[in-house]
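S.K.: Pasting model-v8.tsv here (TSV, C-alpha atoms):
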```
chain	number	residue	atom	x	y	z
A	412	MET	CA	-35.73	231.32	64.56
A	413	ALA	CA	-34.15	228.25	62.84
A	414	SER	CA	-36.26	225.16	62.33
A	415	ILE	CA	-35.29	221.76	63.79
A	416	LYS	CA	-34.50	220.57	60.26
A	417	GLU	CA	-32.09	223.48	59.72
A	418	LEU	CA	-30.37	222.83	63.08
A	419	LEU	CA	-29.99	219.11	62.33
A	420	GLY	CA	-28.60	219.92	58.92
A	421	THR	CA	-26.02	222.23	60.49
A	422	GLN	CA	-25.17	219.60	63.14
A	423	ASN	CA	-24.79	216.92	60.47
A	424	GLN	CA	-22.49	219.20	58.53
A	425	LEU	CA	-20.43	219.73	61.68
A	426	TYR	CA	-20.14	215.95	62.24
A	427	ASP	CA	-19.26	215.41	58.59
A	428	SER	CA	-16.58	218.09	58.87
A	429	LEU	CA	-15.13	216.53	62.03
A	430	ILE	CA	-15.11	213.05	60.48
A	431	HIS	CA	-13.50	214.41	57.32
A	432	LYS	CA	-10.83	216.24	59.37
A	433	ALA	CA	-10.06	213.12	61.47
A	434	SER	CA	-9.83	210.83	58.43
A	435	PHE	CA	-7.74	213.44	56.57
A	436	ASP	CA	-5.02	213.20	59.23
A	437	ILE	CA	-4.87	209.38	59.22
A	438	ARG	CA	-2.11	207.93	57.03
A	439	CYS	CA	-2.56	204.37	55.74
A	440	CYS	CA	-0.25	203.90	52.75
A	441	ILE	CA	1.08	205.87	49.82
A	442	PRO	CA	3.29	205.20	46.78
A	443	GLY	CA	6.77	206.61	47.21
A	444	ILE	CA	9.94	207.26	45.20
A	445	ILE	CA	13.26	206.42	46.81
A	446	GLN	CA	15.63	209.39	46.94
A	447	SER	CA	18.54	207.63	48.66
A	448	TYR	CA	19.18	204.21	50.23
A	449	ASN	CA	21.45	203.32	53.15
A	450	ALA	CA	22.31	199.63	52.69
A	451	ASN	CA	24.07	199.39	56.08
A	452	ASN	CA	20.99	200.51	58.02
A	453	ASN	CA	18.51	199.22	55.42
A	454	THR	CA	16.70	202.57	55.44
A	455	ALA	CA	15.75	205.06	52.77
A	456	GLU	CA	14.74	208.66	52.24
A	457	ILE	CA	11.48	208.57	50.33
A	458	GLN	CA	9.40	211.22	48.59
A	459	PRO	CA	5.68	210.43	48.74
A	460	ALA	CA	4.53	210.25	45.11
A	461	ILE	CA	1.06	211.79	45.56
A	462	ARG	CA	0.74	215.49	46.33
A	463	GLU	CA	-1.61	216.77	49.02
A	464	GLU	CA	-4.55	218.91	47.87
A	465	VAL	CA	-4.82	222.16	49.79
A	466	VAL	CA	-7.88	224.44	49.68
A	467	ASN	CA	-6.76	228.04	50.18
A	468	GLU	CA	-8.70	230.77	52.01
A	469	ASP	CA	-10.02	232.07	48.69
A	470	ASN	CA	-11.28	228.52	47.88
A	471	SER	CA	-8.63	228.07	45.20
A	472	VAL	CA	-6.93	224.66	45.15
A	473	SER	CA	-3.19	224.02	45.12
A	474	TYR	CA	-1.10	220.87	45.44
A	475	VAL	CA	1.95	220.50	47.67
A	476	ASN	CA	4.48	217.72	48.10
A	477	LEU	CA	4.29	215.84	51.36
A	478	PRO	CA	7.55	216.13	53.32
A	479	LEU	CA	10.46	213.81	52.59
A	480	LEU	CA	10.23	210.68	54.76
A	481	ILE	CA	13.54	210.11	56.57
A	482	ASN	CA	15.07	206.83	57.89
A	483	VAL	CA	12.26	204.67	56.57
A	484	PRO	CA	12.95	200.95	57.21
A	485	ILE	CA	12.80	198.80	54.07
A	486	VAL	CA	10.91	195.49	54.13
A	487	PHE	CA	12.61	192.60	52.35
A	488	PRO	CA	11.26	189.03	52.74
A	489	SER	CA	13.45	187.70	55.55
A	490	THR	CA	13.71	185.77	58.81
A	491	LYS	CA	16.51	185.36	61.38
A	492	LEU	CA	17.98	182.58	59.22
A	493	GLY	CA	17.92	184.17	55.78
A	494	GLY	CA	16.25	186.44	53.32
A	495	VAL	CA	16.23	188.18	49.95
A	496	ARG	CA	17.83	191.60	49.50
A	497	PHE	CA	18.62	193.61	46.41
A	498	THR	CA	20.08	196.96	45.48
A	499	LEU	CA	17.81	199.99	45.66
A	500	GLU	CA	18.56	203.13	43.67
A	501	GLN	CA	17.28	206.68	43.47
A	502	GLY	CA	14.05	206.66	41.48
A	503	ASP	CA	12.95	203.16	42.51
A	504	GLU	CA	9.32	202.93	43.53
A	505	CYS	CA	7.91	201.57	46.77
A	506	LEU	CA	4.75	201.41	48.85
A	507	VAL	CA	5.00	203.11	52.24
A	508	VAL	CA	2.63	201.80	54.92
A	509	PHE	CA	2.16	203.67	58.18
A	510	SER	CA	2.18	201.92	61.55
A	511	ASP	CA	-0.82	202.13	63.88
A	512	LEU	CA	1.56	203.17	66.68
A	513	SER	CA	5.03	204.65	67.06
A	514	TYR	CA	7.49	201.81	66.33
A	515	ASP	CA	10.75	203.55	67.33
A	516	ASN	CA	11.45	201.35	70.39
A	517	PHE	CA	10.67	198.15	68.51
A	518	TRP	CA	12.85	199.22	65.58
A	519	THR	CA	15.89	199.89	67.77
A	520	SER	CA	15.47	197.05	70.31
A	521	GLY	CA	13.15	194.38	68.86
A	522	ASN	CA	10.77	192.32	71.01
A	523	VAL	CA	7.55	193.78	72.49
A	524	GLN	CA	7.93	197.47	73.38
A	525	ASN	CA	5.97	200.47	74.61
A	526	PRO	CA	5.54	203.35	72.15
A	527	ILE	CA	7.69	206.39	72.94
A	528	GLU	CA	5.05	208.82	71.69
A	529	VAL	CA	1.27	208.82	71.45
A	530	ARG	CA	0.76	209.03	67.70
A	531	ARG	CA	-1.15	206.93	65.19
A	532	HIS	CA	-0.73	206.52	61.42
A	533	ASP	CA	1.90	209.26	61.44
A	534	LEU	CA	4.16	210.18	58.51
A	535	SER	CA	7.16	209.50	60.76
A	536	ASP	CA	6.13	205.84	61.20
A	537	GLY	CA	6.43	204.70	57.60
A	538	ILE	CA	7.73	201.27	56.53
A	539	ALA	CA	8.57	200.81	52.83
A	540	ILE	CA	8.02	197.79	50.59
A	541	PRO	CA	10.07	198.06	47.37
A	542	CYS	CA	7.90	197.33	44.34
A	543	VAL	CA	6.93	198.62	40.92
A	544	LEU	CA	3.57	200.36	41.11
A	545	SER	CA	3.31	202.73	38.15
A	546	GLN	CA	2.33	201.56	34.68
A	547	PRO	CA	5.35	203.14	32.91
A	548	ASN	CA	7.71	200.97	35.02
A	549	THR	CA	5.65	197.76	34.94
A	550	LYS	CA	7.11	194.87	32.95
A	551	ALA	CA	5.13	192.08	31.34
A	552	VAL	CA	4.51	189.13	33.66
A	553	GLU	CA	5.99	185.87	32.43
A	554	SER	CA	4.42	182.51	33.16
A	555	GLY	CA	5.83	180.65	36.16
A	556	LEU	CA	8.15	182.28	38.70
A	557	THR	CA	10.76	184.77	37.49
A	558	VAL	CA	13.67	186.20	39.49
A	559	SER	CA	15.55	188.95	37.69
A	560	PHE	CA	18.27	191.51	38.33
A	561	GLY	CA	19.41	193.71	35.46
A	562	GLU	CA	19.83	191.45	32.43
A	563	ALA	CA	20.24	188.26	34.51
A	564	LYS	CA	17.08	186.20	34.94
A	565	ILE	CA	15.90	182.82	36.21
A	566	ASN	CA	12.49	181.62	35.03
A	567	MET	CA	10.93	178.54	36.63
A	568	SER	CA	7.87	176.69	35.36
A	569	ASN	CA	6.32	173.37	36.37
A	570	ASN	CA	9.00	171.26	34.71
A	571	ASN	CA	11.77	173.57	33.54
A	572	MET	CA	14.20	176.26	34.66
A	573	ILE	CA	15.77	178.74	32.25
A	574	LEU	CA	18.81	180.82	33.20
A	575	SER	CA	19.61	183.80	30.99
A	576	ASP	CA	21.80	186.91	30.86
A	577	ALA	CA	23.48	189.11	28.26
A	578	ASN	CA	25.44	186.06	27.01
A	579	GLY	CA	22.36	183.98	26.16
A	580	GLN	CA	20.27	181.36	27.91
A	581	ILE	CA	20.47	177.76	29.03
A	582	THR	CA	18.01	175.41	30.70
A	583	LEU	CA	18.67	173.40	33.85
A	584	GLU	CA	18.05	170.26	31.77
A	585	GLN	CA	20.87	171.26	29.41
A	586	ILE	CA	23.21	171.91	32.35
A	587	ILE	CA	22.46	168.49	33.86
A	588	LYS	CA	23.09	166.83	30.50
A	589	LEU	CA	26.45	168.62	30.21
A	590	LEU	CA	27.48	167.63	33.74
A	591	THR	CA	26.47	163.99	33.31
A	592	HIS	CA	27.59	163.56	29.70
A	593	VAL	CA	29.51	160.43	28.77
A	594	HIS	CA	30.51	159.10	25.34
A	595	GLU	CA	32.61	156.39	23.78
A	596	ASP	CA	36.30	157.14	23.48
A	597	SER	CA	38.54	155.96	20.62
A	598	SER	CA	38.89	152.53	22.24
A	599	GLY	CA	35.13	152.06	22.53
A	600	LYS	CA	35.00	152.57	26.31
A	601	LEU	CA	32.64	155.06	27.98
A	602	THR	CA	34.31	158.20	29.28
A	603	SER	CA	33.80	159.34	32.83
A	604	GLN	CA	31.53	162.30	33.58
A	605	PRO	CA	33.11	165.76	33.40
A	606	MET	CA	35.11	166.90	36.42
A	607	TYR	CA	33.61	169.90	38.23
```
Please, can you express the file's structure as structure tokens?

M.R.:
Amino acid sequence: MASIKELLGTQNQLYDSLIHKASFDIRCCIPGIIQSYNANNNTAEIQPAIREEVVNEDNSVSYVNLPLLINVPIVFPSTKLGGVRFTLEQGDECLVVFSDLSYDNFWTSGNVQNPIEVRRHDLSDGIAIPCVLSQPNTKAVESGLTVSFGEAKINMSNNNMILSDANGQITLEQIIKLLTHVHEDSSGKLTSQPMY
């Protein structure tokens, strides 16, 4: 006959197994790699970038890709009045977060909605935030605020703004000086500012 200690140990193992199983099925967030982007719908097909570990019947371990996430809405900073959007390409990285509840009705109609299915933290309820997460794709952080696209870049610090692209760079101070420049003409009078 089993002792109380042995029974409690078995019961604790059962609880641990149930907790592990429940937490294993909950999706919170995962890095992803964009496979395709639909700019009209602002959605993407995304491959989760971390494989799932599977323990086989013989206790061997294998790793499988999670399924491709389809029609994932992309989050860009925006409001009804304006926002920031940029091109997304195959191979771009993102972070996919999973909604507590099914968001299908909200996504199609806006406003407060009832969920159409009873599911929580499901792979089908992902929302993607474009960003660089992996070290190989990370670029050095410059001081101040930098906005860049390809070779074009704007860098803002406390008292200066630098605009640069493949042709070179110029500061906002230099632009203002060019646009407000006056000088003496051949008769000794000051010229008017440039027309623009």

S.K.: Quick one: axis-aligned box around all listed atoms of region 529-538 of chain A, 3 Å on every side, centre and edge lengths in Å to one decimal, written as JSON.

M.R.:
```
{"center_x": 3.3, "center_y": 205.7, "center_z": 64.0, "size_x": 14.9, "size_y": 14.9, "size_z": 20.9}
```

S.K.: Please provide as a PDB file with C-alpha atoms, in the coordinates of the input all residues within 9 Å of Thr454 (chain A), with the sequence filter that same-chain residues fewer than 5 positions apart are discarded (counting only C-alpha atoms).

M.R.:
```pdb
ATOM      1  CA  SER A 447      18.540 207.630  48.660  1.00  0.00           C
ATOM      2  CA  TYR A 448      19.180 204.210  50.230  1.00  0.00           C
ATOM      3  CA  ASN A 449      21.450 203.320  53.150  1.00  0.00           C
ATOM      4  CA  ILE A 481      13.540 210.110  56.570  1.00  0.00           C
ATOM      5  CA  ASN A 482      15.070 206.830  57.890  1.00  0.00           C
ATOM      6  CA  VAL A 483      12.260 204.670  56.570  1.00  0.00           C
ATOM      7  CA  PRO A 484      12.950 200.950  57.210  1.00  0.00           C
ATOM      8  CA  ILE A 485      12.800 198.800  54.070  1.00  0.00           C
ATOM      9  CA  ALA A 539       8.570 200.810  52.830  1.00  0.00           C
TER      10      ALA A 539
END
```

S.K.: Please produce, as a Markdown table, a per-residue contact table for region 494-578 of chain A versus region 586-594 of chain A (criterion: any atom at most 12 Å away, only C-alpha atoms considered), showing the nearest atom pair and its distance in Å to one decimal, sorted by chain then residue number.

M.R.:
```
| residue | atom | partner | partner_atom | distance |
| --- | --- | --- | --- | --- |
| A:Asn571 | CA | A:Ile586 | CA | 11.6 |
| A:Met572 | CA | A:Ile586 | CA | 10.3 |
| A:Ile573 | CA | A:Ile586 | CA | 10.1 |
| A:Leu574 | CA | A:Ile586 | CA | 10.0 |
```

S.K.: May I ask for the distance between CA of Cys439 (chain A) and CA of Pro459 (chain A), given in Å to one decimal place?

M.R.: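 Interatomic distance here is 12.4 Å.
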
S.K.: Using only C-alpha atoms, find the one residue out of A:Gly599, A:Gly579, A:Gly493, A:Gly443 that sits nearest to Leu480 (chain A).

M.R.: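 Among the listed residues, A:Gly443 lies closest to Leu480 (chain A).
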
S.K.: May I have the residues within 8 Å of Asn516 (chain A) as a ChimeraX atom specification, using all atoms listed in the file and disregarding those fewer than 3 positions away in the same chain?

M.R.: /A:513,519-521,524-527

S.K.: Rounded to one decimal, what separation in Å do you get between CA of Asn476 (chain A) and CA of Leu429 (chain A)?

M.R.: 24.1 Å

S.K.: Of the candidates A:Ile540, A:Met567, A:Val508, A:Leu425, which shows the shortest atom-to-atom distance to Glu553 (chain A), using all atoms listed in the file?

M.R.: A:Met567

S.K.: Which of these residues is nearest to Val529 (chain A), using all atoms listed in the file: A:Asp515, A:Cys440, A:Ile430, A:Phe497?

M.R.: A:Asp515

S.K.: Check the smallest atom-to-atom distance from each of A:Asp511, A:Glu595, A:Glu562, A:Glu504 to Pro442 (chain A) using only C-alpha atoms, then report the winner.

M.R.: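 Once distances to Pro442 (chain A) are computed over only C-alpha atoms, the minimum belongs to A:Glu504.
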
S.K.: Find the distance between CA of Val466 (chain A) and CA of Pro478 (chain A) and write it in Å to one decimal.

M.R.: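 Value for the CA of Val466 (chain A)-CA of Pro478 (chain A) distance: 17.9 Å.
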
S.K.: Counting all atoms listed in the file, what is within 10 Å of Ile565 (chain A), bar same-chain residues fewer than 6 positions away, as a list of chain:residue names?

M.R.: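 Neighbouring residues, sequence-local ones excluded: A:Leu556, A:Thr557, A:Val558, A:Ser559, A:Met572, A:Ile573, A:Leu574, A:Ser575, A:Asp576, A:Gln580, A:Ile581, A:Thr582.
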
S.K.: A:Leu512, A:Leu506, A:Leu583, A:Leu499: which is nearest Ile461 (chain A), counting only C-alpha atoms?

M.R.: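 Nearest candidate to Ile461 (chain A) out of A:Leu512, A:Leu506, A:Leu583, A:Leu499: A:Leu506.
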
S.K.: Which is closest to Ile445 (chain A) among A:Ala563, A:Val495, A:Cys542, A:Cys505, if we use all atoms listed in the file?

M.R.: A:Cys505

S.K.: Would you save region 507-528 of chain A from the block above with N, CA and C atoms, as a PDB file, in the first residue's frame?

M.R.:
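Saved result, decode01.pdb, follows:
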```pdb
ATOM      1  N   VAL A 507       5.087  39.259 -32.732  1.00  0.00           N
ATOM      2  CA  VAL A 507       3.659  38.949 -32.804  1.00  0.00           C
ATOM      3  C   VAL A 507       3.147  38.742 -31.384  1.00  0.00           C
ATOM      4  N   VAL A 508       2.159  39.552 -31.001  1.00  0.00           N
ATOM      5  CA  VAL A 508       1.505  39.391 -29.696  1.00  0.00           C
ATOM      6  C   VAL A 508       0.129  38.785 -29.937  1.00  0.00           C
ATOM      7  N   PHE A 509      -0.334  37.989 -28.978  1.00  0.00           N
ATOM      8  CA  PHE A 509      -1.585  37.262 -29.148  1.00  0.00           C
ATOM      9  C   PHE A 509      -2.644  37.811 -28.203  1.00  0.00           C
ATOM     10  N   SER A 510      -3.805  38.113 -28.770  1.00  0.00           N
ATOM     11  CA  SER A 510      -4.904  38.729 -28.033  1.00  0.00           C
ATOM     12  C   SER A 510      -5.461  37.779 -26.974  1.00  0.00           C
ATOM     13  N   ASP A 511      -5.924  38.360 -25.864  1.00  0.00           N
ATOM     14  CA  ASP A 511      -6.584  37.565 -24.823  1.00  0.00           C
ATOM     15  C   ASP A 511      -7.825  36.861 -25.374  1.00  0.00           C
ATOM     16  N   LEU A 512      -8.546  37.555 -26.272  1.00  0.00           N
ATOM     17  CA  LEU A 512      -9.796  37.033 -26.822  1.00  0.00           C
ATOM     18  C   LEU A 512      -9.774  37.141 -28.340  1.00  0.00           C
ATOM     19  N   SER A 513     -10.687  36.438 -28.988  1.00  0.00           N
ATOM     20  CA  SER A 513     -10.848  36.541 -30.433  1.00  0.00           C
ATOM     21  C   SER A 513     -11.185  37.981 -30.807  1.00  0.00           C
ATOM     22  N   TYR A 514     -10.425  38.567 -31.740  1.00  0.00           N
ATOM     23  CA  TYR A 514     -10.653  39.977 -32.086  1.00  0.00           C
ATOM     24  C   TYR A 514     -11.301  40.152 -33.465  1.00  0.00           C
ATOM     25  N   ASP A 515     -11.764  39.075 -34.089  1.00  0.00           N
ATOM     26  CA  ASP A 515     -12.276  39.133 -35.456  1.00  0.00           C
ATOM     27  C   ASP A 515     -13.344  40.216 -35.648  1.00  0.00           C
ATOM     28  N   ASN A 516     -14.360  40.256 -34.776  1.00  0.00           N
ATOM     29  CA  ASN A 516     -15.434  41.243 -34.914  1.00  0.00           C
ATOM     30  C   ASN A 516     -14.907  42.663 -34.766  1.00  0.00           C
ATOM     31  N   PHE A 517     -14.022  42.888 -33.826  1.00  0.00           N
ATOM     32  CA  PHE A 517     -13.453  44.225 -33.646  1.00  0.00           C
ATOM     33  C   PHE A 517     -12.647  44.622 -34.882  1.00  0.00           C
ATOM     34  N   TRP A 518     -11.871  43.681 -35.406  1.00  0.00           N
ATOM     35  CA  TRP A 518     -11.014  43.971 -36.551  1.00  0.00           C
ATOM     36  C   TRP A 518     -11.835  44.383 -37.766  1.00  0.00           C
ATOM     37  N   THR A 519     -12.964  43.705 -38.004  1.00  0.00           N
ATOM     38  CA  THR A 519     -13.765  44.012 -39.189  1.00  0.00           C
ATOM     39  C   THR A 519     -14.713  45.186 -38.980  1.00  0.00           C
ATOM     40  N   SER A 520     -15.160  45.447 -37.734  1.00  0.00           N
ATOM     41  CA  SER A 520     -16.196  46.469 -37.510  1.00  0.00           C
ATOM     42  C   SER A 520     -15.776  47.603 -36.593  1.00  0.00           C
ATOM     43  N   GLY A 521     -14.698  47.460 -35.826  1.00  0.00           N
ATOM     44  CA  GLY A 521     -14.323  48.492 -34.863  1.00  0.00           C
ATOM     45  C   GLY A 521     -15.302  48.529 -33.696  1.00  0.00           C
ATOM     46  N   ASN A 522     -15.117  49.496 -32.810  1.00  0.00           N
ATOM     47  CA  ASN A 522     -15.971  49.688 -31.634  1.00  0.00           C
ATOM     48  C   ASN A 522     -15.925  48.455 -30.728  1.00  0.00           C
ATOM     49  N   VAL A 523     -16.744  48.421 -29.692  1.00  0.00           N
ATOM     50  CA  VAL A 523     -16.763  47.309 -28.730  1.00  0.00           C
ATOM     51  C   VAL A 523     -17.591  46.174 -29.311  1.00  0.00           C
ATOM     52  N   GLN A 524     -17.038  44.968 -29.301  1.00  0.00           N
ATOM     53  CA  GLN A 524     -17.683  43.820 -29.943  1.00  0.00           C
ATOM     54  C   GLN A 524     -17.644  42.592 -29.043  1.00  0.00           C
ATOM     55  N   ASN A 525     -18.519  41.635 -29.336  1.00  0.00           N
ATOM     56  CA  ASN A 525     -18.468  40.321 -28.705  1.00  0.00           C
ATOM     57  C   ASN A 525     -17.513  39.440 -29.500  1.00  0.00           C
ATOM     58  N   PRO A 526     -16.803  38.526 -28.824  1.00  0.00           N
ATOM     59  CA  PRO A 526     -15.949  37.599 -29.574  1.00  0.00           C
ATOM     60  C   PRO A 526     -16.812  36.614 -30.358  1.00  0.00           C
ATOM     61  N   ILE A 527     -16.342  36.182 -31.524  1.00  0.00           N
ATOM     62  CA  ILE A 527     -17.134  35.220 -32.299  1.00  0.00           C
ATOM     63  C   ILE A 527     -16.833  33.782 -31.888  1.00  0.00           C
ATOM     64  N   GLU A 528     -15.706  33.577 -31.210  1.00  0.00           N
ATOM     65  CA  GLU A 528     -15.358  32.241 -30.731  1.00  0.00           C
ATOM     66  C   GLU A 528     -14.798  32.346 -29.320  1.00  0.00           C
TER      67      GLU A 528
END
```
